[in-house]
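Quick notes on the structure that follows.
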Amino acid sequence: MSDLGAEFVLYCEEAALPRLAERYGKPLYVYSAAMITQRYEAFDAAFRRIPHMICYSVKANSNLSILRLLAKKGCGFDVVSGGELERVLAADRKAASKVVFSGVGKTQEELTAALKVGILLFNVESESEMWTLAECAGRLRKTAPVALRVNPDVAAETHPYISTGLHKHKFGVPIGDARALYSKASGARYLKVCGVSVHIGSQITDVSAFGEALTRVAQLVRELRSEGHRIDYVDAGGGLGIAYETPSGEFPDYVAQYARALTTPLQGLDVRLLLEPGRSIVGPAGLLLTSVIYRKKNDGKRFLVVDAAMNDLIRPALYGAYHEIVPVVRHSGDAETEVVDVVGPVCETGDFFARDRELPEVQEGDLLAILDAGAYGMVLTSNYNTRPRPAEVLVTGKSAKVIRRRERVSDLLRAEE
Ligand SMILES: *Cc1c(COP(=O)(O)O)cnc(C)c1O
């Protein structure tokens, strides 16, 4: 916030949000380049005592300019589809050797594309996938570097839709079955066993769950080595949560705690640690700018109808997720607050950003910023209700660059007969 006479105006870096809204329209995703870089650097620094590589999870925010920004810092990438792999290559041709490929349903086409460009590691999630990968690799006469994604059966406190580390979830192979599978993999001519991987879920803020998972993984690594396998990599996945609701402490301290939880069980193992953070790098670095179309009262219940909707940011509708919402302009002396639902124009009751939220009173036409929208925001947008997707801008200091132009209705109609 900065003081402009009697007004307090919200900024992203040195760019005033009302100016951005005027220039680029609304709803608008706004990202801070400095914050993305700083969070990447803090993450990297937290693991300085152990050989490691950060493979940013592309699915959290896959905009090419953001991938390029991270690639320039030396970051690798975690992809979960052939499309994401193409994005990474479009952002930086040379990044292929820093790509890990995760996901339960990789197709032959996707596996083949990844083999051709020579990625770092395939995180294999089932025996069937293992044999399919061996076949694709054999056809190309290329060796596939393989880690099995094991499911450690660790409960992580998070939303059930983004918890992945229990045996009832579709992800990975049960850790108890892993040794038998590794022994099959090591007999396959075109597979090269080189790691163990794990990912227990997303938006996990209690770091002890990661420690528990890595303790089980470390035990498996010892067993596998004693059976003669060469395990160079442990891929610890992503999942570190961010503070959507309460302001947290400093990120470097928090990520240091996370690093301690992960690396303590790996002491003495001499492995290279791969990390796949998504949300914790980009989440707090983005916001969704929207404006109030109507104020409305139904039997005393107050609504702010805004020009963004669930198609632009689905997290509240999908997970009941909380996002802080703040007026972009405040006047000194404004003290009135009210309890409102902040809702979008889409024809679904689930189309809300906040319910029964106490907010400073705002008027029709005023701007609101929905915070912490840098991860799982734009990537989960849709065209429901034939709503064109918002534009995205990346701010560096005073300058703002459009990194995805606003969609037009004509873009949506073009693909149809
Ligand atoms: C989604 C996902 C990530 C990233 O999770 P965050 O919670 O955004 O850090 C990392 N690895 C895999 C395999 C994933 O599916």
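Naming works like this for the structure tokens: A, B, ... for the chains as they're shown, residue 1 at the start of each chain, ligands 1 onward in shown order.
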> Mind listing the residues within 6 Å of ligand 1, only C-alpha atoms and all ligand atoms counted, as a list in words?
Replying inline: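 Written in the requested form, the residues are Ser57, Ala60, Ser102, His199, Ser202, Gln203, Gly237, Gly238, Gly239, Leu240, Glu276, Pro277, Gly278, Arg279 and Ser280 of chain A.
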>> So that I can check the secondary structure, give me every residue of segment 7-188 of chain A assigned helix (DSSP H, G or I) by backbone DSSP, as an MDAnalysis selection string.
In response: chainID A and resid 17:24 33:46 58:60 64:72 82:91 93:98 108:117 127:140 160:162 175:186
> Hey, which of A:Ile403, A:Cys12, A:Ala309, A:Ala42 ends up closest to Ala259 of chain A? Count only C-alpha atoms.
Replying inline: A:Ala42
>> With distances taken over only C-alpha atoms, which residue among A:Met378, A:Val234, A:Val340, A:Val326 lies nearest Met310 of chain A?
In response: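 Of all the options, A:Met378 lies closest to Met310 of chain A.
For the set A:Gly83, A:Gly344, A:Pro247, A:Gly118, the residue with the smallest atom-to-atom gap to Glu324 of chain A is A:Pro247, counting only C-alpha atoms.
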Which residues are near Leu191 of chain A? Cut-off 10 Å, only C-alpha atoms, ignore same chain within fewer than 5 positions. Put them as a short mmCIF file (atom, residue, chain, number, x, y, z; two decimals) with N, CA and C atoms, in the first residue's frame.
```cif
data_model
loop_
_atom_site.label_atom_id
_atom_site.label_comp_id
_atom_site.auth_asym_id
_atom_site.auth_seq_id
_atom_site.Cartn_x
_atom_site.Cartn_y
_atom_site.Cartn_z
N MET A 130 5.34 -49.13 -16.53
CA MET A 130 6.75 -49.51 -16.62
C MET A 130 7.02 -50.30 -17.90
N TRP A 131 6.13 -51.27 -18.19
CA TRP A 131 6.33 -52.10 -19.39
C TRP A 131 6.08 -51.30 -20.67
N LEU A 133 6.66 -48.11 -20.99
CA LEU A 133 7.85 -47.27 -21.16
C LEU A 133 9.00 -48.09 -21.74
N ALA A 134 9.15 -49.32 -21.24
CA ALA A 134 10.24 -50.19 -21.74
C ALA A 134 10.06 -50.45 -23.24
N GLU A 135 8.80 -50.64 -23.64
CA GLU A 135 8.51 -50.91 -25.04
C GLU A 135 8.81 -49.68 -25.91
N ALA A 137 10.80 -47.24 -25.23
CA ALA A 137 12.25 -47.01 -25.23
C ALA A 137 12.95 -47.98 -26.18
N GLY A 138 12.50 -49.24 -26.16
CA GLY A 138 13.08 -50.25 -27.03
C GLY A 138 12.91 -49.89 -28.50
N LYS A 142 16.55 -46.34 -27.03
CA LYS A 142 17.04 -45.36 -26.05
C LYS A 142 16.76 -45.91 -24.66
N THR A 143 17.61 -45.58 -23.72
CA THR A 143 17.40 -46.06 -22.36
C THR A 143 16.61 -45.03 -21.56
N ALA A 144 15.57 -45.50 -20.87
CA ALA A 144 14.73 -44.60 -20.08
C ALA A 144 15.19 -44.58 -18.63
N PRO A 145 15.55 -43.41 -18.10
CA PRO A 145 15.89 -43.29 -16.68
C PRO A 145 14.62 -43.34 -15.82
N VAL A 146 14.60 -44.25 -14.86
CA VAL A 146 13.35 -44.54 -14.16
C VAL A 146 13.46 -44.41 -12.65
N ALA A 147 12.43 -43.79 -12.08
CA ALA A 147 12.18 -43.87 -10.63
C ALA A 147 10.76 -44.39 -10.48
N LYS A 184 12.04 -56.24 -11.27
CA LYS A 184 11.60 -56.43 -12.66
C LYS A 184 12.19 -55.35 -13.57
N ALA A 185 12.16 -54.11 -13.10
CA ALA A 185 12.65 -52.99 -13.92
C ALA A 185 14.12 -53.17 -14.26
N SER A 186 14.90 -53.65 -13.28
CA SER A 186 16.33 -53.74 -13.53
C SER A 186 16.65 -54.85 -14.54
#
```
>> So that I can check the surroundings of segment 264-270 of chain A, please list as a VMD selection string every protein, DNA and RNA residue that reaches within 6 Å of it, counting only C-alpha atoms and ignoring chain neighbours fewer than 3 positions away.
In response: chain A and resid 215 218 260 to 261
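Residue nearest Gly283 of chain A, chosen from A:Ala373, A:Val271, A:Leu140, A:Val306 and counting only C-alpha atoms: A:Ala373.
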>> To test your reading of the structure, identify every residue in segment 120-263 of chain A that backbone DSSP assigns to strand (DSSP E), and report it as an MDAnalysis selection string.
In response: chainID A and resid 121:124 144:151 173:174 191:197 233:235
> Can you list, as an MDAnalysis selection string, every protein, DNA or RNA residue that comes within 9 Å of Tyr258 of chain A when you count only C-alpha atoms, leaving out same-chain residues fewer than 3 positions away?
Replying inline: chainID A and resid 46 206:208 210:211 240 253:255 261:263
Store the residues of this selection in a file with N, CA, C and O atoms, as a PDB file, in the first residue's frame.
```pdb
ATOM      1  N   ALA A  46      17.555 -22.965   0.838  1.00  0.00           N
ATOM      2  CA  ALA A  46      17.216 -23.815   1.985  1.00  0.00           C
ATOM      3  C   ALA A  46      17.824 -25.215   1.846  1.00  0.00           C
ATOM      4  O   ALA A  46      18.055 -25.893   2.844  1.00  0.00           O
ATOM      5  N   ASP A 206       1.981 -28.763   7.542  1.00  0.00           N
ATOM      6  CA  ASP A 206       2.665 -29.419   8.649  1.00  0.00           C
ATOM      7  C   ASP A 206       3.802 -30.246   8.053  1.00  0.00           C
ATOM      8  O   ASP A 206       3.574 -31.305   7.460  1.00  0.00           O
ATOM      9  N   VAL A 207       5.033 -29.741   8.226  1.00  0.00           N
ATOM     10  CA  VAL A 207       6.150 -30.355   7.505  1.00  0.00           C
ATOM     11  C   VAL A 207       6.498 -31.766   8.009  1.00  0.00           C
ATOM     12  O   VAL A 207       7.221 -32.500   7.345  1.00  0.00           O
ATOM     13  N   SER A 208       5.937 -32.158   9.156  1.00  0.00           N
ATOM     14  CA  SER A 208       6.311 -33.480   9.685  1.00  0.00           C
ATOM     15  C   SER A 208       5.824 -34.623   8.785  1.00  0.00           C
ATOM     16  O   SER A 208       6.442 -35.681   8.740  1.00  0.00           O
ATOM     17  N   PHE A 210       6.016 -34.684   5.601  1.00  0.00           N
ATOM     18  CA  PHE A 210       7.084 -34.894   4.609  1.00  0.00           C
ATOM     19  C   PHE A 210       8.214 -35.714   5.218  1.00  0.00           C
ATOM     20  O   PHE A 210       8.777 -36.594   4.574  1.00  0.00           O
ATOM     21  N   GLY A 211       8.536 -35.430   6.487  1.00  0.00           N
ATOM     22  CA  GLY A 211       9.592 -36.163   7.171  1.00  0.00           C
ATOM     23  C   GLY A 211       9.253 -37.644   7.266  1.00  0.00           C
ATOM     24  O   GLY A 211      10.100 -38.508   7.032  1.00  0.00           O
ATOM     25  N   LEU A 240       4.429 -28.310  -0.576  1.00  0.00           N
ATOM     26  CA  LEU A 240       4.535 -27.366   0.546  1.00  0.00           C
ATOM     27  C   LEU A 240       3.430 -26.310   0.430  1.00  0.00           C
ATOM     28  O   LEU A 240       3.277 -25.675  -0.604  1.00  0.00           O
ATOM     29  N   ASP A 253      12.406 -18.849   6.442  1.00  0.00           N
ATOM     30  CA  ASP A 253      12.399 -19.656   7.668  1.00  0.00           C
ATOM     31  C   ASP A 253      11.533 -20.896   7.509  1.00  0.00           C
ATOM     32  O   ASP A 253      11.875 -22.000   7.934  1.00  0.00           O
ATOM     33  N   TYR A 254      10.398 -20.688   6.885  1.00  0.00           N
ATOM     34  CA  TYR A 254       9.436 -21.776   6.687  1.00  0.00           C
ATOM     35  C   TYR A 254      10.020 -22.849   5.769  1.00  0.00           C
ATOM     36  O   TYR A 254       9.958 -24.050   6.061  1.00  0.00           O
ATOM     37  N   VAL A 255      10.619 -22.420   4.671  1.00  0.00           N
ATOM     38  CA  VAL A 255      11.165 -23.387   3.726  1.00  0.00           C
ATOM     39  C   VAL A 255      12.400 -24.083   4.330  1.00  0.00           C
ATOM     40  O   VAL A 255      12.697 -25.238   4.005  1.00  0.00           O
ATOM     41  N   ALA A 261      13.021 -31.116   7.546  1.00  0.00           N
ATOM     42  CA  ALA A 261      12.160 -32.302   7.622  1.00  0.00           C
ATOM     43  C   ALA A 261      12.494 -33.305   6.512  1.00  0.00           C
ATOM     44  O   ALA A 261      12.502 -34.509   6.737  1.00  0.00           O
ATOM     45  N   LEU A 262      12.802 -32.785   5.330  1.00  0.00           N
ATOM     46  CA  LEU A 262      13.086 -33.680   4.204  1.00  0.00           C
ATOM     47  C   LEU A 262      14.476 -34.288   4.273  1.00  0.00           C
ATOM     48  O   LEU A 262      14.661 -35.457   3.932  1.00  0.00           O
ATOM     49  N   THR A 263      15.447 -33.482   4.673  1.00  0.00           N
ATOM     50  CA  THR A 263      16.832 -33.942   4.536  1.00  0.00           C
ATOM     51  C   THR A 263      17.321 -34.753   5.732  1.00  0.00           C
ATOM     52  O   THR A 263      18.217 -35.571   5.578  1.00  0.00           O
TER      53      THR A 263
END
```
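Shortest separation to Leu288 of chain A among A:Asn383, A:Gly320, A:Tyr190, A:Asp372 occurs at residue A:Asp372, atoms counted being only C-alpha atoms.
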>> Residues within 9 Å of Val30 of chain A, please, as a PyMOL selection string. Count only C-alpha atoms; anything in the same chain fewer than 2 positions from it doesn't count.
In response: chain A and resi 12+17+20+28+32+285-289+373-374+391-395+400
> With distances taken over only C-alpha atoms, which of A:Pro18, A:Gly105, A:Pro152, A:Gly195 is nearest to Thr132 of chain A?
Replying inline: A:Gly105
> If you count only C-alpha atoms, which residues fall within 12 Å of Gly333 of chain A, apart from same-chain ones fewer than 6 positions away, as a PyMOL selection string?
Replying inline: chain A and resi 6-8+360-361
Write the residues you've just listed into a file as an mmCIF file, in the first residue's frame, and include C-alpha atoms for each of them.
```
data_model
loop_
_atom_site.group_PDB
_atom_site.id
_atom_site.type_symbol
_atom_site.label_atom_id
_atom_site.label_comp_id
_atom_site.auth_asym_id
_atom_site.auth_seq_id
_atom_site.Cartn_x
_atom_site.Cartn_y
_atom_site.Cartn_z
ATOM 1 C CA ALA A 6 -6.042 10.627 1.115
ATOM 2 C CA GLU A 7 -6.007 7.373 -0.816
ATOM 3 C CA PHE A 8 -4.180 4.138 -0.179
ATOM 4 C CA PRO A 360 -14.490 -2.740 4.047
ATOM 5 C CA GLU A 361 -17.508 -1.244 2.301
#
```
> How many Å separate atom CA of Arg149 of chain A from atom CA of Arg39 of chain A?
Replying inline: 26.3 Å
